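Following: one structure in C-alpha cells, then a few remarks.
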Amino acid sequence: MSKKGDAPEQKSITPAMFHILLALAEEPSHGYAIAKSLYDSSSGSFKLGPGTLYRTLEQLRSWAWIRYSKRKAAEGDDPRRLYYEITATGKKVLVSELKKLESALIKAKSLDLLKNEK
C-alpha cells in the first residue's frame with residue numbers, strides 16, 4: 001500500500017482498482033453493476049467477490065479517485081443502492097495506467113509476442 005500524501009500516480013494500483021475505474025469511466029454504477037461489468041467485459045475471466053469489491057471501492061473513495069454519485073436509483077431499483085462515479089483524479093490515474101499498458105502493448109507487438117500461434 002502507498003503512503004498517505006503520495007501523488008495519485010505514485011499510489012499502487014491493483015487490477016481490481018484498474019477495472020473498477022475503467023467501469024466507472026463509462027458511467028456511474030452501483031456495486032453489483034460494477035462487478036457484473038467487470039465479469040462481462042473480461043468474458044468471465046475477472047471476477048470480484050463482494051468483500052474485495054466493497055473494500056476496493058472504499059479504498060478508491062478514501063483516495064478520492066471515486067465518490068458517491070448523486071444519481072438517483074432507477075425506477076424499480078433498490079433505493080438503498082449506493083452509486084459511485086469516477087473523479088477527475090481517478091480519471092488521471094486511469095489514463096496514466098492506460099498509457100503504461102499501451103507502452104507495454106507496443107513493446108509486445110514489436111517483439112511479435114501477440115502473433116497467432118499455429
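In the C-alpha cells, chains take the letters A, B, ... in the order shown, each chain's residues start at 1, and ligands count up from 1 in the order shown.
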Using backbone DSSP assignments, extract all strand (DSSP E or B) residues from segment 24-85 of chain A; output them as a ChimeraX atom specification.
/A:29-30,66-68,83-85
Excluding segment 63-79 of chain A and its own-chain neighbours fewer than 6 positions away, which residues fall within 9 Å of it when counting only C-alpha atoms? Please give them as a PyMOL selection string.
chain A and resi 8+21+24+28-29+57+85-93
If we count only C-alpha atoms, what is near segment 9-19 of chain A at a cut-off of 8 Å, once residues fewer than 4 positions away on the same chain are taken out, given as a PDB file with N, CA and C atoms, in the first residue's frame?
ATOM      1  N   MET A   1       0.848  -1.175   0.000  1.00  0.00           N
ATOM      2  CA  MET A   1       0.000   0.000   0.000  1.00  0.00           C
ATOM      3  C   MET A   1       0.888   1.230   0.000  1.00  0.00           C
ATOM      4  N   SER A   2       0.389   2.297  -0.462  1.00  0.00           N
ATOM      5  CA  SER A   2       1.187   3.512  -0.556  1.00  0.00           C
ATOM      6  C   SER A   2       1.055   4.347   0.703  1.00  0.00           C
ATOM      7  N   LYS A   3       1.994   5.291   0.822  1.00  0.00           N
ATOM      8  CA  LYS A   3       1.974   6.195   1.966  1.00  0.00           C
ATOM      9  C   LYS A   3       0.982   7.317   1.735  1.00  0.00           C
ATOM     10  N   ALA A  23     -14.562   0.716 -15.415  1.00  0.00           N
ATOM     11  CA  ALA A  23     -16.029   0.551 -15.463  1.00  0.00           C
ATOM     12  C   ALA A  23     -16.726   1.869 -15.140  1.00  0.00           C
ATOM     13  N   LEU A  38     -17.381  -5.893 -14.901  1.00  0.00           N
ATOM     14  CA  LEU A  38     -16.033  -6.468 -14.921  1.00  0.00           C
ATOM     15  C   LEU A  38     -16.063  -7.900 -15.438  1.00  0.00           C
ATOM     16  N   LEU A  48     -14.823 -10.360  -9.150  1.00  0.00           N
ATOM     17  CA  LEU A  48     -14.569  -9.849  -7.802  1.00  0.00           C
ATOM     18  C   LEU A  48     -15.674 -10.308  -6.869  1.00  0.00           C
ATOM     19  N   LEU A  53     -14.639  -6.378  -3.688  1.00  0.00           N
ATOM     20  CA  LEU A  53     -15.261  -5.263  -4.403  1.00  0.00           C
ATOM     21  C   LEU A  53     -15.493  -4.077  -3.477  1.00  0.00           C
ATOM     22  N   THR A  56     -12.321  -2.496  -2.012  1.00  0.00           N
ATOM     23  CA  THR A  56     -11.631  -1.725  -3.046  1.00  0.00           C
ATOM     24  C   THR A  56     -12.368  -0.426  -3.331  1.00  0.00           C
ATOM     25  N   LEU A  57     -13.685  -0.468  -3.401  1.00  0.00           N
ATOM     26  CA  LEU A  57     -14.457   0.764  -3.606  1.00  0.00           C
ATOM     27  C   LEU A  57     -14.180   1.760  -2.478  1.00  0.00           C
ATOM     28  N   LEU A  60     -10.656   3.254  -2.925  1.00  0.00           N
ATOM     29  CA  LEU A  60     -10.666   4.245  -4.005  1.00  0.00           C
ATOM     30  C   LEU A  60     -11.366   5.529  -3.551  1.00  0.00           C
ATOM     31  N   LYS A  92      -7.380  10.719 -14.051  1.00  0.00           N
ATOM     32  CA  LYS A  92      -5.944  10.922 -14.307  1.00  0.00           C
ATOM     33  C   LYS A  92      -5.164   9.642 -14.026  1.00  0.00           C
ATOM     34  N   VAL A  93      -5.493   8.993 -12.925  1.00  0.00           N
ATOM     35  CA  VAL A  93      -4.842   7.740 -12.560  1.00  0.00           C
ATOM     36  C   VAL A  93      -5.117   6.679 -13.628  1.00  0.00           C
ATOM     37  N   LEU A  94      -6.368   6.576 -14.050  1.00  0.00           N
ATOM     38  CA  LEU A  94      -6.750   5.598 -15.069  1.00  0.00           C
ATOM     39  C   LEU A  94      -6.002   5.849 -16.372  1.00  0.00           C
ATOM     40  N   SER A  96      -3.158   7.392 -16.764  1.00  0.00           N
ATOM     41  CA  SER A  96      -1.753   7.058 -16.526  1.00  0.00           C
ATOM     42  C   SER A  96      -1.517   5.549 -16.658  1.00  0.00           C
ATOM     43  N   GLU A  97      -2.408   4.757 -16.065  1.00  0.00           N
ATOM     44  CA  GLU A  97      -2.287   3.293 -16.153  1.00  0.00           C
ATOM     45  C   GLU A  97      -2.494   2.802 -17.589  1.00  0.00           C
TER      46      GLU A  97
END
Write out as number ranges by chain all residues of chain A that DSSP puts in alpha helix (DSSP H) for this structure's backbone.
A: 15-26, 31-41, 50-62, 88-110
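With atom CA of Ile20 of chain A on one side and atom CA of Ala35 of chain A on the other, the separation reads 8.1 Å.
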Best match for closeness to Arg81 of chain A among A:Tyr32, A:Phe46, A:Tyr54, A:Tyr39, counting only C-alpha atoms:
A:Tyr32
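Taking atom CA of Ala25 of chain A as the reference point, atom CA of Gln59 of chain A is found at 17.1 Å.
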d(atom CA of Lys47 of chain A, atom CA of His30 of chain A) in Å
15.7 Å
